[in-house]
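For reference, the structure is listed below as structure tokens.
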Amino acid sequence: MKKYDELYNTIKKEITTEQLLPGAKLPSVRKAAAIYGVSRTTVQNAYFALAADGFIISEPQSGYYNAYKKAKETDKKQNNSKNNILYDFKSGNADKNSFEFNLWRRYMKNALRQDKKLLSYGEVQGEYELRDVLSDYIREKRNVTSSPNRIVIGTGHQSLLGVLCSLIDEKGTVSFPDKSFIQGASLFDDYGFEVKYRYKDADIIYVSPSHMNKRGDVMPNKRRIELVDYSSKNGSLIIEDDYESDFQYSGTPAPSLHALTGGENVIYISSFSNLLLPSIRISFMVLTEELAEKYENEIYKYNQTAGKTEQIALAQYIRDGHLKAQIRKTRRFYTAKTKAFSVLLANEFKNAEIEISENALKIIMSIPFNKSMDIFEKNGISVLIESYENGILKMILNPSAVPQDMFYEAVKALKSALGNNE
């Protein structure tokens with residue numbers, strides 16, 4: 001039995017036997033590693049598994065908590081709250097019409113027929129066939145040159161960042177663009193890094209150039225070059241989260257930082273959740289040569305969190321050209337949705353300022369407002385509030401999860417919530 005399995009069972013027993021009371025906070029990754037005499041990677045993997053099975057939950061900027069009984073007590077309330085939301089402009093979930101489910105089912109069924117492959121555990125680094133097609137894909141799409149041996153597959157960014165943190169010996173300073181990067185910042189803090197925000201002298205700089213903030217602003221080329229030059233002169237490591245680079249509709253996608261540096265001092269990380277479905281939790285990162293060599297030497301410390309069947313299916317899906325087709329489809333589909341909804345808003349709210357974000361996925365709407373914020377939920381709406389100053393409410397609306405045939409009703413609900421402010 002692997003160490004993280006043993007730790008998982010130990011903590012699970014403490015939870016189910018109520019040695020750890022419902023709602024109690026678990027030790028941080030760093031403290032748990034010291035308590036149980038294991039590595040931080042082992043603790044992180046055990047926590048991920050416990051969270052996936054519903055025994056614990058992660059609270060932003062706080063830590064992990066026992067959710068075993070708490071989840072049962074609050075499920076009904078949480079479900080009722082979710083059921084009240086008819087128009088979700090906050091989550092960024094997918095529209096069912098943006099994805100060909102029958103096509104994906106075919107690839108999953110084909111993967112499940114590969115009996116011999118499925119009789120063994122998956123490769124720790126990720127299935128080679130997926131890493132191989134990803135090597136070609138990122139070179140063609142983002143000019144990121146990497147052999148399959150430098151690519152690591154994981155369930156999501158959090159699991160990959162956990163691997164990365166354990167590979168970096170010097171736990172120096174890490175800078176994030178702002179405090180909205182809660183999960184990444186919490187993880188680095190657990191591993192003993194000093195977390196800062198917009199700190200130019202950091203040892204590690206985490207950036208998401210294609211989606212810098214809640215609005216989805218794109219980093220200008222001038223800033224990219226400045227960042228690359230700074231990294232070169234100071235030896236800083238850049239973590240490039242290439243989130244939503246395929247959704248830059250307004251022009252030619254800006255070059256990746258990895259391409260600008262030739263891969264030196266840059267960790268490239270991306271996923272398929274936005275291109276395919278949020279539930280297809282497969283991410284990957286490209287390590288530097290130095291870190292890739294260290295990972296290979298210490299690979300026994302890690303385990304693979306992404307499902308083998310999904311990896312096999314995705315590899316063939318990409319190889320057959322369907323990912324490229326999906327990108328083209330989603331670009332057209334979500335561009336049209338955003339434009340259509342912004343036109344409806346402009347027609348209904350004459351006194352509002354309405355603009356479309358740089359990545360064309362979101363609408364920023366500023367309007368006079370003098371009510372309580374819970375008015376939105378009461379009208380079945382979830383929105384992201386950017387600011388509320390001097391009687392002006394600025395909110396960010398992402399119409400991706402709202403079916404287009406419900407747009408008119410959604411605008412009426414917004415009108416009811418905001419009132420007639422004209």
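Every chain in the structure tokens takes a letter, A first, then B, and so on in the order presented; its residues are numbered from 1, and the ligands are numbered from 1 following the presented order.
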Close residues, stretch 129-133 of chain A itself excluded, 9 Å, only C-alpha atoms, min 3 positions apart in chain, as a PyMOL selection string: chain A and resi 125-126+136-138+147-153+284+311-316+318-319
A:Ile354 surroundings by only C-alpha atoms, 10 Å radius, close-in-sequence under 4 positions cut, as a list in words: Ser342, Val343, Leu345, Ala346, Phe349, Lys350, Ile363, Ile364, Met365, Ser366, Ile367, Lys394, Met395 and Ile396 of chain A
Keeping only C-alpha atoms, write those residues as a CSV table (one decimal), in the first residue's frame.
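File out.csv, as written:
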chain,number,residue,atom,x,y,z
A,342,SER,CA,-24.8,42.3,-24.7
A,343,VAL,CA,-27.2,43.6,-27.4
A,345,LEU,CA,-28.7,44.3,-22.2
A,346,ALA,CA,-27.9,47.5,-24.1
A,349,PHE,CA,-30.6,49.2,-19.7
A,350,LYS,CA,-30.2,52.5,-21.5
A,363,ILE,CA,-19.7,41.3,-20.2
A,364,ILE,CA,-18.8,44.1,-17.8
A,365,MET,CA,-21.9,46.1,-16.9
A,366,SER,CA,-21.9,49.3,-14.7
A,367,ILE,CA,-25.3,50.6,-13.5
A,394,LYS,CA,-20.1,47.0,-11.6
A,395,MET,CA,-20.7,43.4,-12.3
A,396,ILE,CA,-19.2,40.8,-14.6
Quick one: everything within 10 Å of A:Thr309, counting only C-alpha atoms, minus sequence neighbours fewer than 4 positions away in the same chain. Send it as a PDB file with C-alpha atoms, in the first residue's frame.
ATOM      1  CA  TYR A 107     -13.993   7.659 -27.594  1.00  0.00           C
ATOM      2  CA  MET A 108     -14.663   6.689 -23.976  1.00  0.00           C
ATOM      3  CA  LYS A 109     -16.283   3.435 -25.071  1.00  0.00           C
ATOM      4  CA  ASN A 110     -13.330   2.706 -27.337  1.00  0.00           C
ATOM      5  CA  ALA A 111     -10.931   3.324 -24.442  1.00  0.00           C
ATOM      6  CA  LEU A 112     -12.928   0.945 -22.235  1.00  0.00           C
ATOM      7  CA  ARG A 113     -12.550  -1.781 -24.859  1.00  0.00           C
ATOM      8  CA  GLN A 114      -8.764  -1.717 -24.497  1.00  0.00           C
ATOM      9  CA  LYS A 117      -4.228  -1.394 -21.074  1.00  0.00           C
ATOM     10  CA  LEU A 118      -6.855  -1.123 -18.367  1.00  0.00           C
ATOM     11  CA  GLY A 122      -1.658   4.252 -15.102  1.00  0.00           C
ATOM     12  CA  GLU A 127      -0.079   8.014 -20.239  1.00  0.00           C
ATOM     13  CA  ALA A 313      -9.778   8.624 -24.855  1.00  0.00           C
ATOM     14  CA  LEU A 314      -8.407  12.176 -24.955  1.00  0.00           C
TER      15      LEU A 314
END
Selection near stretch 159-176 of chain A, 6 Å with only C-alpha atoms, sequence-local residues under 3 positions removed, as a PyMOL selection string: chain A and resi 154+156+193-199+202-206
Stretch 168-409 of chain A: residues DSSP assigns to helix (DSSP H, G or I), reported as a PyMOL selection string: chain A and resi 182-190+221-234+245-247+257-261+289-297+299-301+308-319+322-348+375-378+399-401+404-409
Nearest to A:Glu353 by atom-to-atom distance, counting only C-alpha atoms, from A:Ile392, A:Ile280, A:Ala306, A:Ala49: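 Among A:Ile392, A:Ile280, A:Ala306, A:Ala49, it is A:Ile392 that comes nearest to A:Glu353.
Shortest separation to A:Asn9 among A:Tyr47, A:Lys371, A:Gly23, A:Val228 occurs at residue A:Tyr47, atoms counted being only C-alpha atoms.
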Point-to-point distance from atom CA of A:Arg30 to atom CA of A:Asn66, Å rounded to tenths: 17.6 Å
Atom pair atom CA of A:Ala52 / atom CA of A:Ala67: separation (Å):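 Separation of atom CA of A:Ala52 and atom CA of A:Ala67: 11.4 Å.
Considering the residues A:Lys301, A:Lys233, A:Lys378, A:His157 and counting only C-alpha atoms, A:Phe272 has its shortest atom-to-atom contact with A:His157.
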A:Ala325 environment, 12 Å, only C-alpha atoms, sequence neighbours closer than 4 positions dropped, as JSON, numbers by chain: {"A": [98, 99, 100, 246, 275, 276, 317, 318, 319, 320, 321, 329, 330, 331, 332]}
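With only C-alpha atoms as the basis for measurement, A:Val29 is the residue among A:Ala410, A:Ala360, A:Ala401, A:Val29 that approaches A:Phe188 most closely.
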d(atom CA of A:Gly184, atom CA of A:Ser28) in Å: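 Rounded to one decimal, the two atoms are 14.3 Å apart.
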Counting only C-alpha atoms, the residue of A:Ser283, A:Thr145, A:Gln158, A:Asn359 that sits nearest A:Thr338: A:Asn359
For stretch 239-241 of chain A, list every protein, DNA or RNA residue within 6 Å, evaluated using only C-alpha atoms, and leave out those in the same chain fewer than 3 positions away; present the list as a JSON list (two decimals) with all heavy atoms, in the first residue's frame.
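Everything below was put into around_1.json:
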[["chain", "number", "residue", "atom", "x", "y", "z"],
["A", 206, "TYR", "N", 3.87, 33.82, -10.71],
["A", 206, "TYR", "CA", 2.74, 33.09, -11.30],
["A", 206, "TYR", "C", 1.90, 34.07, -12.11],
["A", 206, "TYR", "O", 1.43, 35.08, -11.59],
["A", 206, "TYR", "CB", 1.89, 32.47, -10.19],
["A", 206, "TYR", "CG", 0.84, 31.49, -10.67],
["A", 206, "TYR", "CD1", 1.01, 30.13, -10.48],
["A", 206, "TYR", "CD2", -0.32, 31.93, -11.30],
["A", 206, "TYR", "CE1", 0.05, 29.21, -10.92],
["A", 206, "TYR", "CE2", -1.28, 31.04, -11.74],
["A", 206, "TYR", "CZ", -1.09, 29.68, -11.54],
["A", 206, "TYR", "OH", -2.05, 28.80, -11.99],
["A", 207, "VAL", "N", 1.71, 33.77, -13.38],
["A", 207, "VAL", "CA", 0.92, 34.65, -14.24],
["A", 207, "VAL", "C", -0.04, 33.83, -15.10],
["A", 207, "VAL", "O", 0.21, 32.67, -15.40],
["A", 207, "VAL", "CB", 1.80, 35.52, -15.16],
["A", 207, "VAL", "CG1", 2.55, 36.57, -14.37],
["A", 207, "VAL", "CG2", 2.78, 34.66, -15.95],
["A", 208, "SER", "N", -1.13, 34.46, -15.48],
["A", 208, "SER", "CA", -2.10, 33.87, -16.40],
["A", 208, "SER", "C", -2.32, 34.88, -17.51],
["A", 208, "SER", "O", -3.30, 35.62, -17.51],
["A", 208, "SER", "CB", -3.41, 33.57, -15.65],
["A", 208, "SER", "OG", -4.33, 32.94, -16.50],
["A", 266, "VAL", "N", 10.65, 28.83, -17.43],
["A", 266, "VAL", "CA", 9.20, 28.91, -17.54],
["A", 266, "VAL", "C", 8.59, 27.52, -17.39],
["A", 266, "VAL", "O", 8.98, 26.58, -18.07],
["A", 266, "VAL", "CB", 8.75, 29.51, -18.89],
["A", 266, "VAL", "CG1", 7.22, 29.49, -18.99],
["A", 266, "VAL", "CG2", 9.25, 30.94, -19.03],
["A", 267, "ILE", "N", 7.61, 27.41, -16.47],
["A", 267, "ILE", "CA", 6.79, 26.22, -16.34],
["A", 267, "ILE", "C", 5.47, 26.54, -17.03],
["A", 267, "ILE", "O", 4.76, 27.46, -16.65],
["A", 267, "ILE", "CB", 6.50, 25.87, -14.86],
["A", 267, "ILE", "CG1", 7.79, 25.68, -14.07],
["A", 267, "ILE", "CG2", 5.62, 24.63, -14.77],
["A", 267, "ILE", "CD1", 8.62, 24.50, -14.48],
["A", 268, "TYR", "N", 5.15, 25.78, -18.07],
["A", 268, "TYR", "CA", 3.92, 26.00, -18.82],
["A", 268, "TYR", "C", 2.86, 25.04, -18.31],
["A", 268, "TYR", "O", 3.09, 23.84, -18.18],
["A", 268, "TYR", "CB", 4.18, 25.76, -20.31],
["A", 268, "TYR", "CG", 2.98, 25.95, -21.21],
["A", 268, "TYR", "CD1", 2.68, 27.21, -21.74],
["A", 268, "TYR", "CD2", 2.16, 24.88, -21.55],
["A", 268, "TYR", "CE1", 1.58, 27.39, -22.58],
["A", 268, "TYR", "CE2", 1.06, 25.05, -22.38],
["A", 268, "TYR", "CZ", 0.78, 26.30, -22.89],
["A", 268, "TYR", "OH", -0.30, 26.49, -23.72],
["A", 269, "ILE", "N", 1.66, 25.57, -18.00],
["A", 269, "ILE", "CA", 0.60, 24.73, -17.44],
["A", 269, "ILE", "C", -0.73, 25.08, -18.11],
["A", 269, "ILE", "O", -1.02, 26.26, -18.37],
["A", 269, "ILE", "CB", 0.52, 24.92, -15.90],
["A", 269, "ILE", "CG1", -0.46, 23.95, -15.27],
["A", 269, "ILE", "CG2", 0.20, 26.35, -15.53],
["A", 269, "ILE", "CD1", -0.33, 23.88, -13.75],
["A", 270, "SER", "N", -1.51, 24.06, -18.43],
["A", 270, "SER", "CA", -2.80, 24.30, -19.10],
["A", 270, "SER", "C", -3.74, 23.13, -18.83],
["A", 270, "SER", "O", -3.36, 22.15, -18.19],
["A", 270, "SER", "CB", -2.58, 24.47, -20.62],
["A", 270, "SER", "OG", -3.76, 24.92, -21.25]]
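Between A:Lys308 and the residues A:Ser146, A:Ser120, A:Ser279, A:Ser236, the shortest atom-to-atom distance, using only C-alpha atoms, involves A:Ser120.
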